[in-house]
file start.txt (compact mmCIF, C-alpha atoms)
# COMPACT_ATOMS: atom_id res chain seq x y z
CA ARG A 157 186.66 143.71 -56.48
CA SER A 158 186.53 141.96 -53.07
CA ALA A 159 185.03 145.08 -51.48
CA ILE A 160 182.30 145.12 -54.12
CA GLN A 161 181.62 141.40 -53.59
CA ALA A 162 181.40 141.90 -49.82
CA LEU A 163 179.02 144.83 -50.33
CA MET A 164 176.86 142.73 -52.69
CA LYS A 165 176.72 139.88 -50.13
CA ARG A 166 175.64 142.32 -47.40
CA ARG A 167 172.93 143.80 -49.61
CA THR A 168 171.72 140.35 -50.59
CA ARG A 169 171.61 139.36 -46.91
CA SER A 170 169.75 142.55 -46.06
CA ALA A 171 167.26 141.95 -48.87
CA HIS A 172 166.64 138.39 -47.63
CA GLU A 173 166.14 139.63 -44.05
CA LEU A 174 163.71 142.28 -45.28
CA MET A 175 161.76 139.69 -47.30
CA ARG A 176 161.65 137.35 -44.30
CA ALA A 177 160.32 140.16 -42.10
CA GLN A 178 157.71 141.05 -44.72
CA ASN A 179 156.63 137.41 -44.95
CA GLN A 180 156.28 137.22 -41.17
CA SER A 181 154.18 140.40 -41.19
CA LEU A 182 152.01 139.01 -43.97
CA GLU A 183 151.53 135.74 -42.05
CA LEU A 184 150.49 137.68 -38.94
CA ILE A 185 148.08 139.89 -40.89
CA SER A 186 146.63 136.87 -42.72
CA ALA A 187 146.02 135.01 -39.46
CA GLY A 188 144.28 138.03 -37.93
CA LEU A 189 142.21 138.61 -41.06
CA ALA A 190 141.20 134.94 -41.22
CA HIS A 191 140.10 135.10 -37.57
CA GLU A 192 138.15 138.32 -38.06
CA LEU A 193 136.36 136.94 -41.14
CA ASN A 194 135.78 133.47 -39.72
CA ASN A 195 133.75 134.71 -36.74
CA PRO A 196 130.96 136.38 -38.74
CA LEU A 197 131.11 133.62 -41.35
CA SER A 198 130.52 130.99 -38.70
CA TYR A 199 127.39 132.66 -37.40
CA ILE A 200 126.11 133.28 -40.93
CA LYS A 201 126.65 129.58 -41.65
CA ASN A 202 124.88 128.58 -38.43
CA ALA A 203 121.99 130.95 -39.18
CA CYS A 204 121.58 129.50 -42.69
CA HIS A 205 121.52 125.98 -41.24
CA MET A 206 118.83 126.96 -38.73
CA MET A 207 116.78 128.78 -41.40
CA ALA A 208 116.89 125.68 -43.62
CA ARG A 209 115.76 123.53 -40.71
CA ASP A 210 112.92 125.91 -39.90
CA ALA A 211 111.89 126.12 -43.57
CA ALA A 212 111.65 122.31 -43.57
CA THR A 213 109.52 122.48 -40.42
CA ILE A 214 107.22 125.00 -42.07
CA GLY A 215 107.00 122.80 -45.16
CA SER A 216 106.11 119.72 -43.15
CA GLU A 217 103.50 121.61 -41.15
CA LEU A 218 101.91 123.04 -44.31
CA ASP A 219 101.62 119.49 -45.70
CA LYS A 220 99.46 118.50 -42.74
CA GLU A 221 95.68 118.60 -42.78
CA THR A 222 95.71 120.94 -39.75
CA PRO A 223 99.07 122.69 -39.38
CA ASP A 224 100.31 123.52 -35.88
CA LYS A 225 100.16 127.32 -35.97
CA ALA A 226 102.28 127.70 -32.85
CA ARG A 227 105.04 125.64 -34.47
CA LEU A 228 104.73 127.66 -37.69
CA HIS A 229 104.99 130.96 -35.78
CA LYS A 230 107.98 129.73 -33.80
CA ALA A 231 109.81 128.65 -36.98
CA HIS A 232 108.88 131.94 -38.68
CA ASP A 233 110.17 134.02 -35.75
CA ARG A 234 113.44 132.08 -35.64
CA ILE A 235 113.92 132.54 -39.40
CA GLN A 236 113.50 136.29 -38.93
CA ARG A 237 116.05 136.33 -36.09
CA MET A 238 118.49 134.25 -38.13
CA GLY A 239 118.07 136.67 -41.02
CA GLU A 240 119.08 139.50 -38.68
CA VAL A 241 122.07 137.48 -37.44
CA SER A 242 123.14 136.87 -41.05
CA GLU A 243 122.71 140.53 -41.94
CA ARG A 244 124.93 141.61 -39.01
CA GLY A 245 127.56 139.08 -40.05
CA ILE A 246 127.47 140.28 -43.65
CA LYS A 247 127.82 143.91 -42.53
CA ARG A 248 130.78 142.98 -40.35
CA ILE A 249 132.49 141.20 -43.25
CA GLU A 250 131.79 144.19 -45.51
CA ASN A 251 133.39 146.49 -42.93
CA ILE A 252 136.45 144.24 -42.66
CA VAL A 253 136.83 144.12 -46.45
CA ALA A 254 136.44 147.92 -46.68
CA LEU A 255 139.06 148.33 -43.96
CA VAL A 256 141.52 146.04 -45.78
CA ARG A 257 140.93 147.93 -49.04
CA ARG A 258 141.53 151.24 -47.30
CA TYR A 259 144.76 149.90 -45.76
CA ALA A 260 145.85 148.69 -49.20
CA ARG A 261 145.30 152.15 -50.67
CA GLU A 262 146.33 154.40 -47.80
CA GLY A 263 148.36 152.19 -45.48
CA TYR A 264 147.67 151.45 -41.84
CA PRO A 265 146.97 154.65 -39.90
CA GLU A 266 149.85 155.41 -37.61
CA GLU A 267 148.65 158.72 -36.27
CA PRO A 268 145.82 158.74 -33.73
CA THR A 269 142.81 160.92 -34.43
CA GLU A 270 140.03 162.17 -32.20
CA ILE A 271 136.67 160.43 -32.45
CA SER A 272 133.45 160.55 -30.45
CA LEU A 273 133.33 157.75 -27.87
CA ASP A 274 129.53 157.53 -27.97
CA GLN A 275 129.55 157.45 -31.78
CA ALA A 276 132.16 154.65 -31.80
CA VAL A 277 130.22 152.53 -29.31
CA GLY A 278 126.93 153.10 -31.12
CA ASP A 279 128.38 152.23 -34.52
CA VAL A 280 130.00 149.04 -33.26
CA ALA A 281 127.01 147.91 -31.19
CA ALA A 282 124.87 147.97 -34.35
CA LEU A 283 127.15 145.32 -35.89
CA VAL A 284 127.32 142.75 -33.09
CA GLY A 285 124.76 140.34 -31.78
CA PRO A 286 124.25 136.74 -30.79
CA ARG A 287 126.07 134.35 -33.11
CA ASP A 288 123.50 131.60 -32.67
CA GLY A 289 120.26 133.54 -32.87
CA ARG A 290 119.58 133.57 -29.13
CA ARG A 291 117.54 136.49 -27.94
CA VAL A 292 119.94 138.83 -26.17
CA ALA A 293 119.15 142.52 -25.91
CA VAL A 294 121.91 145.12 -25.98
CA GLN A 295 121.02 148.32 -24.16
CA LEU A 296 123.18 151.35 -24.83
CA GLU A 297 123.54 154.11 -22.26
CA LEU A 298 125.69 156.60 -24.13
CA LEU A 299 126.46 159.20 -21.48
CA ALA A 300 129.85 160.47 -22.63
CA GLY A 301 128.24 163.40 -24.43
CA ASP A 302 130.72 165.15 -26.64
CA ALA A 303 133.73 163.37 -25.09
CA ARG A 304 136.33 162.51 -27.70
CA VAL A 305 139.00 159.84 -27.60
CA ARG A 306 142.37 160.14 -29.31
CA CYS A 307 143.05 156.75 -30.89
CA ILE A 308 143.44 154.69 -34.03
CA PRO A 309 139.69 154.37 -34.77
CA GLU A 310 139.84 150.83 -36.20
CA GLU A 311 141.66 149.56 -33.12
CA LEU A 312 139.13 151.15 -30.75
CA HIS A 313 136.23 149.76 -32.81
CA GLN A 314 137.74 146.28 -32.67
CA ALA A 315 138.26 146.48 -28.90
CA ILE A 316 134.69 147.71 -28.31
CA GLY A 317 133.30 145.05 -30.64
CA ASN A 318 135.22 142.28 -28.89
CA LEU A 319 134.02 143.41 -25.46
CA ILE A 320 130.36 143.59 -26.50
CA GLN A 321 130.53 140.32 -28.46
CA ASN A 322 132.16 138.50 -25.53
CA ALA A 323 129.43 139.75 -23.19
CA ILE A 324 126.70 138.63 -25.61
CA ASP A 325 128.33 135.22 -26.01
CA VAL A 326 128.40 134.43 -22.27
CA VAL A 327 124.95 135.57 -21.14
CA PRO A 328 121.95 133.21 -21.26
CA GLU A 329 119.07 133.64 -23.67
CA ASP A 330 116.70 136.54 -22.97
CA ALA A 331 119.47 138.34 -21.09
CA LEU A 332 120.31 142.01 -21.26
CA VAL A 333 123.81 143.32 -21.97
CA ARG A 334 124.23 146.92 -20.86
CA VAL A 335 126.88 149.06 -22.48
CA ARG A 336 127.45 152.38 -20.79
CA THR A 337 129.82 155.20 -21.62
CA SER A 338 130.70 158.09 -19.38
CA VAL A 339 133.25 160.84 -19.10
call {"tool": "encode", "arguments": {"input": "start.txt", "output": "structure tokens"}}
result
Amino acid sequence: RSAIQALMKRRTRSAHELMRAQNQSLELISAGLAHELNNPLSYIKNACHMMARDAATIGSELDKETPDKARLHKAHDRIQRMGEVSERGIKRIENIVALVRRYAREGYPEEPTEISLDQAVGDVAALVGPRDGRRVAVQLELLAGDARVRCIPEELHQAIGNLIQNAIDVVPEDALVRVRTSV
């Protein structure tokens, strides 16, 4: 009887340790997910604020006897840029949600696979851009050809995205960010 009780205590302790470890993992994943979603949400929010401000500018100009066409064009152009910023943010959130769904179904990939470096950089570059609507051009020089990288694709995509986004965030308006691959 005492041996069975001791065994039950050990199993209960092991179950509690396992649950604590799972909770810690969930907390870590939740924090990372919140961070990954908050970035695109913040620039979507900022873009919506700027579009509302520009729509008000357009409205006030249209109420005038002789609207300032230069001001109207400037507001119109900024609304278009902010729409593009929002679209990139929405696509990034969609990709994150799709990734989380895939992990929920299939689990986190533990085995690296081979992917095209140029393809990975090109795919990721299409999703990043200035958070605040500044004009920053991203020029891709994909020179790796058919070079393949053995990796966990999602991790490589995240690393590439962070590098490009950081570069975009620190350059001044009307700057050029060059992204080059090579063998």
call {"tool": "residues_around", "arguments": {"input": "start.txt", "residues": "A:Asn202", "least_positions_apart": "5", "cutoff": "10 Å", "atoms": "all atoms listed in the file", "output": "list of chain:residue names"}}
result
A:Pro196, A:Leu197, A:Met207, A:Ala208, A:Met238, A:Val241, A:Ser242, A:Arg287, A:Asp288, A:Gly289
call {"tool": "closest_residue", "arguments": {"input": "start.txt", "among": "A:Arg258, A:Arg336, A:Arg169, A:Arg234", "to": "A:Ala203", "atoms": "only C-alpha atoms"}}
result
A:Arg234
call {"tool": "residues_around", "arguments": {"input": "start.txt", "residues": "stretch 245-247 of chain A", "least_positions_apart": "4", "cutoff": "9 Å", "atoms": "only C-alpha atoms", "output": "list in words"}}
result
Asn195, Pro196, Leu197, Ser198, Tyr199, Ile200, Glu240, Val241, Asn251, Ile252, Leu283, Val284, Gly285 and Arg287 of chain A
call {"tool": "write_last_selection", "arguments": {"input": "start.txt", "atoms": "C-alpha atoms", "output": "PDB file, in the frame of the given file"}}
result
ATOM      1  CA  ASN A 195     133.750 134.710 -36.740  1.00  0.00           C
ATOM      2  CA  PRO A 196     130.960 136.380 -38.740  1.00  0.00           C
ATOM      3  CA  LEU A 197     131.110 133.620 -41.350  1.00  0.00           C
ATOM      4  CA  SER A 198     130.520 130.990 -38.700  1.00  0.00           C
ATOM      5  CA  TYR A 199     127.390 132.660 -37.400  1.00  0.00           C
ATOM      6  CA  ILE A 200     126.110 133.280 -40.930  1.00  0.00           C
ATOM      7  CA  GLU A 240     119.080 139.500 -38.680  1.00  0.00           C
ATOM      8  CA  VAL A 241     122.070 137.480 -37.440  1.00  0.00           C
ATOM      9  CA  ASN A 251     133.390 146.490 -42.930  1.00  0.00           C
ATOM     10  CA  ILE A 252     136.450 144.240 -42.660  1.00  0.00           C
ATOM     11  CA  LEU A 283     127.150 145.320 -35.890  1.00  0.00           C
ATOM     12  CA  VAL A 284     127.320 142.750 -33.090  1.00  0.00           C
ATOM     13  CA  GLY A 285     124.760 140.340 -31.780  1.00  0.00           C
ATOM     14  CA  ARG A 287     126.070 134.350 -33.110  1.00  0.00           C
TER      15      ARG A 287
END
call {"tool": "residues_around", "arguments": {"input": "start.txt", "residues": "stretch 317-325 of chain A", "least_positions_apart": "6", "cutoff": "7 Å", "atoms": "all atoms listed in the file", "output": "list of chain:residue names"}}
result
A:Val280, A:Ala281, A:Val284, A:Gly285, A:Pro286, A:Val292, A:Val333
call {"tool": "atom_distance", "arguments": {"input": "start.txt", "atom1": "atom CA of A:Gln314", "atom2": "atom CA of A:Cys204"}}
result
25.4 Å
call {"tool": "atom_distance", "arguments": {"input": "start.txt", "atom1": "atom CA of A:Arg237", "atom2": "atom CA of A:Val294"}}
result
14.6 Å
call {"tool": "closest_atom_pairs", "arguments": {"input": "start.txt", "of": "stretch 184-216 of chain A", "to": "stretch 221-224 of chain A", "cutoff": "10 Å", "atoms": "all atoms listed in the file", "output": "JSON lines"}}
result
{"residue": "A:Ile214", "atom": "CA", "partner": "A:Pro223", "partner_atom": "CA", "distance": 8.9}
{"residue": "A:Gly215", "atom": "CA", "partner": "A:Pro223", "partner_atom": "CA", "distance": 9.8}
{"residue": "A:Ser216", "atom": "CA", "partner": "A:Pro223", "partner_atom": "CA", "distance": 8.5}
call {"tool": "axis_aligned_box", "arguments": {"input": "start.txt", "around": "stretch 275-282 of chain A", "padding_each_side": "8 Å", "output": "JSON"}}
result
{"center_x": 128.5, "center_y": 152.7, "center_z": -31.9, "size_x": 23.3, "size_y": 25.5, "size_z": 21.2}
call {"tool": "atom_distance", "arguments": {"input": "start.txt", "atom1": "atom CA of A:Glu250", "atom2": "atom CA of A:Glu311"}}
result
16.7 Å
call {"tool": "decode", "arguments": {"input": "start.txt", "residues": "stretch 267-280 of chain A", "atoms": "all heavy atoms", "output": "short mmCIF file (atom, residue, chain, number, x, y, z; two decimals), in the first residue's frame"}}
result
data_model
loop_
_atom_site.label_atom_id
_atom_site.label_comp_id
_atom_site.auth_asym_id
_atom_site.auth_seq_id
_atom_site.Cartn_x
_atom_site.Cartn_y
_atom_site.Cartn_z
N GLU A 267 11.98 18.90 -38.63
CA GLU A 267 12.96 18.48 -39.62
C GLU A 267 13.16 19.58 -40.66
O GLU A 267 12.20 20.06 -41.26
CB GLU A 267 12.48 17.21 -40.33
CG GLU A 267 12.47 15.98 -39.44
CD GLU A 267 13.86 15.60 -38.95
OE1 GLU A 267 14.82 15.63 -39.75
OE2 GLU A 267 13.98 15.28 -37.76
N PRO A 268 14.40 19.99 -40.87
CA PRO A 268 14.66 20.99 -41.91
C PRO A 268 14.33 20.44 -43.29
O PRO A 268 14.41 19.24 -43.54
CB PRO A 268 16.16 21.26 -41.78
CG PRO A 268 16.56 20.70 -40.47
CD PRO A 268 15.60 19.61 -40.14
N THR A 269 13.96 21.34 -44.18
CA THR A 269 13.73 20.98 -45.57
C THR A 269 14.54 21.94 -46.44
O THR A 269 14.99 22.98 -45.96
CB THR A 269 12.24 21.08 -45.95
OG1 THR A 269 11.80 22.42 -45.71
CG2 THR A 269 11.38 20.13 -45.15
N GLU A 270 14.69 21.60 -47.69
CA GLU A 270 15.42 22.47 -48.61
C GLU A 270 14.44 23.40 -49.30
O GLU A 270 13.42 22.96 -49.82
CB GLU A 270 16.18 21.63 -49.64
CG GLU A 270 17.43 21.02 -49.10
CD GLU A 270 18.32 20.46 -50.20
OE1 GLU A 270 18.03 20.67 -51.40
OE2 GLU A 270 19.32 19.84 -49.85
N ILE A 271 14.79 24.69 -49.31
CA ILE A 271 13.98 25.68 -50.02
C ILE A 271 14.90 26.59 -50.82
O ILE A 271 16.08 26.72 -50.52
CB ILE A 271 13.08 26.51 -49.08
CG1 ILE A 271 13.91 27.35 -48.11
CG2 ILE A 271 12.11 25.62 -48.32
CD1 ILE A 271 13.11 28.36 -47.33
N SER A 272 14.34 27.23 -51.82
CA SER A 272 15.09 28.17 -52.64
C SER A 272 15.31 29.46 -51.86
O SER A 272 14.36 30.06 -51.35
CB SER A 272 14.31 28.47 -53.92
OG SER A 272 14.81 29.64 -54.54
N LEU A 273 16.57 29.89 -51.76
CA LEU A 273 16.88 31.13 -51.05
C LEU A 273 16.24 32.33 -51.73
O LEU A 273 15.61 33.17 -51.09
CB LEU A 273 18.40 31.31 -50.94
CG LEU A 273 18.85 32.59 -50.24
CD1 LEU A 273 18.35 32.64 -48.81
CD2 LEU A 273 20.37 32.69 -50.29
N ASP A 274 16.39 32.42 -53.06
CA ASP A 274 15.80 33.54 -53.79
C ASP A 274 14.29 33.58 -53.63
O ASP A 274 13.69 34.64 -53.46
CB ASP A 274 16.17 33.48 -55.28
CG ASP A 274 17.60 33.90 -55.55
OD1 ASP A 274 18.27 34.41 -54.62
OD2 ASP A 274 18.07 33.72 -56.70
N GLN A 275 13.65 32.43 -53.69
CA GLN A 275 12.19 32.35 -53.53
C GLN A 275 11.79 32.84 -52.14
O GLN A 275 10.85 33.62 -52.00
CB GLN A 275 11.72 30.91 -53.72
CG GLN A 275 10.24 30.71 -53.49
CD GLN A 275 9.43 30.97 -54.72
OE1 GLN A 275 9.87 30.66 -55.81
NE2 GLN A 275 8.25 31.54 -54.55
N ALA A 276 12.52 32.41 -51.11
CA ALA A 276 12.21 32.81 -49.73
C ALA A 276 12.33 34.32 -49.57
O ALA A 276 11.45 34.98 -49.01
CB ALA A 276 13.13 32.09 -48.75
N VAL A 277 13.42 34.89 -50.08
CA VAL A 277 13.62 36.34 -49.95
C VAL A 277 12.55 37.10 -50.73
O VAL A 277 11.98 38.07 -50.24
CB VAL A 277 15.04 36.74 -50.43
CG1 VAL A 277 15.19 38.24 -50.50
CG2 VAL A 277 16.09 36.16 -49.49
N GLY A 278 12.25 36.65 -51.93
CA GLY A 278 11.22 37.31 -52.74
C GLY A 278 9.85 37.26 -52.09
O GLY A 278 9.13 38.26 -52.07
N ASP A 279 9.49 36.10 -51.55
CA ASP A 279 8.18 35.97 -50.90
C ASP A 279 8.06 36.89 -49.69
O ASP A 279 7.05 37.55 -49.50
CB ASP A 279 7.95 34.52 -50.46
CG ASP A 279 7.73 33.58 -51.62
OD1 ASP A 279 7.53 34.05 -52.77
OD2 ASP A 279 7.77 32.35 -51.40
N VAL A 280 9.11 36.92 -48.89
CA VAL A 280 9.08 37.73 -47.67
C VAL A 280 9.11 39.22 -47.99
O VAL A 280 8.38 40.01 -47.40
CB VAL A 280 10.23 37.35 -46.72
CG1 VAL A 280 10.31 38.30 -45.54
CG2 VAL A 280 10.06 35.92 -46.23
#
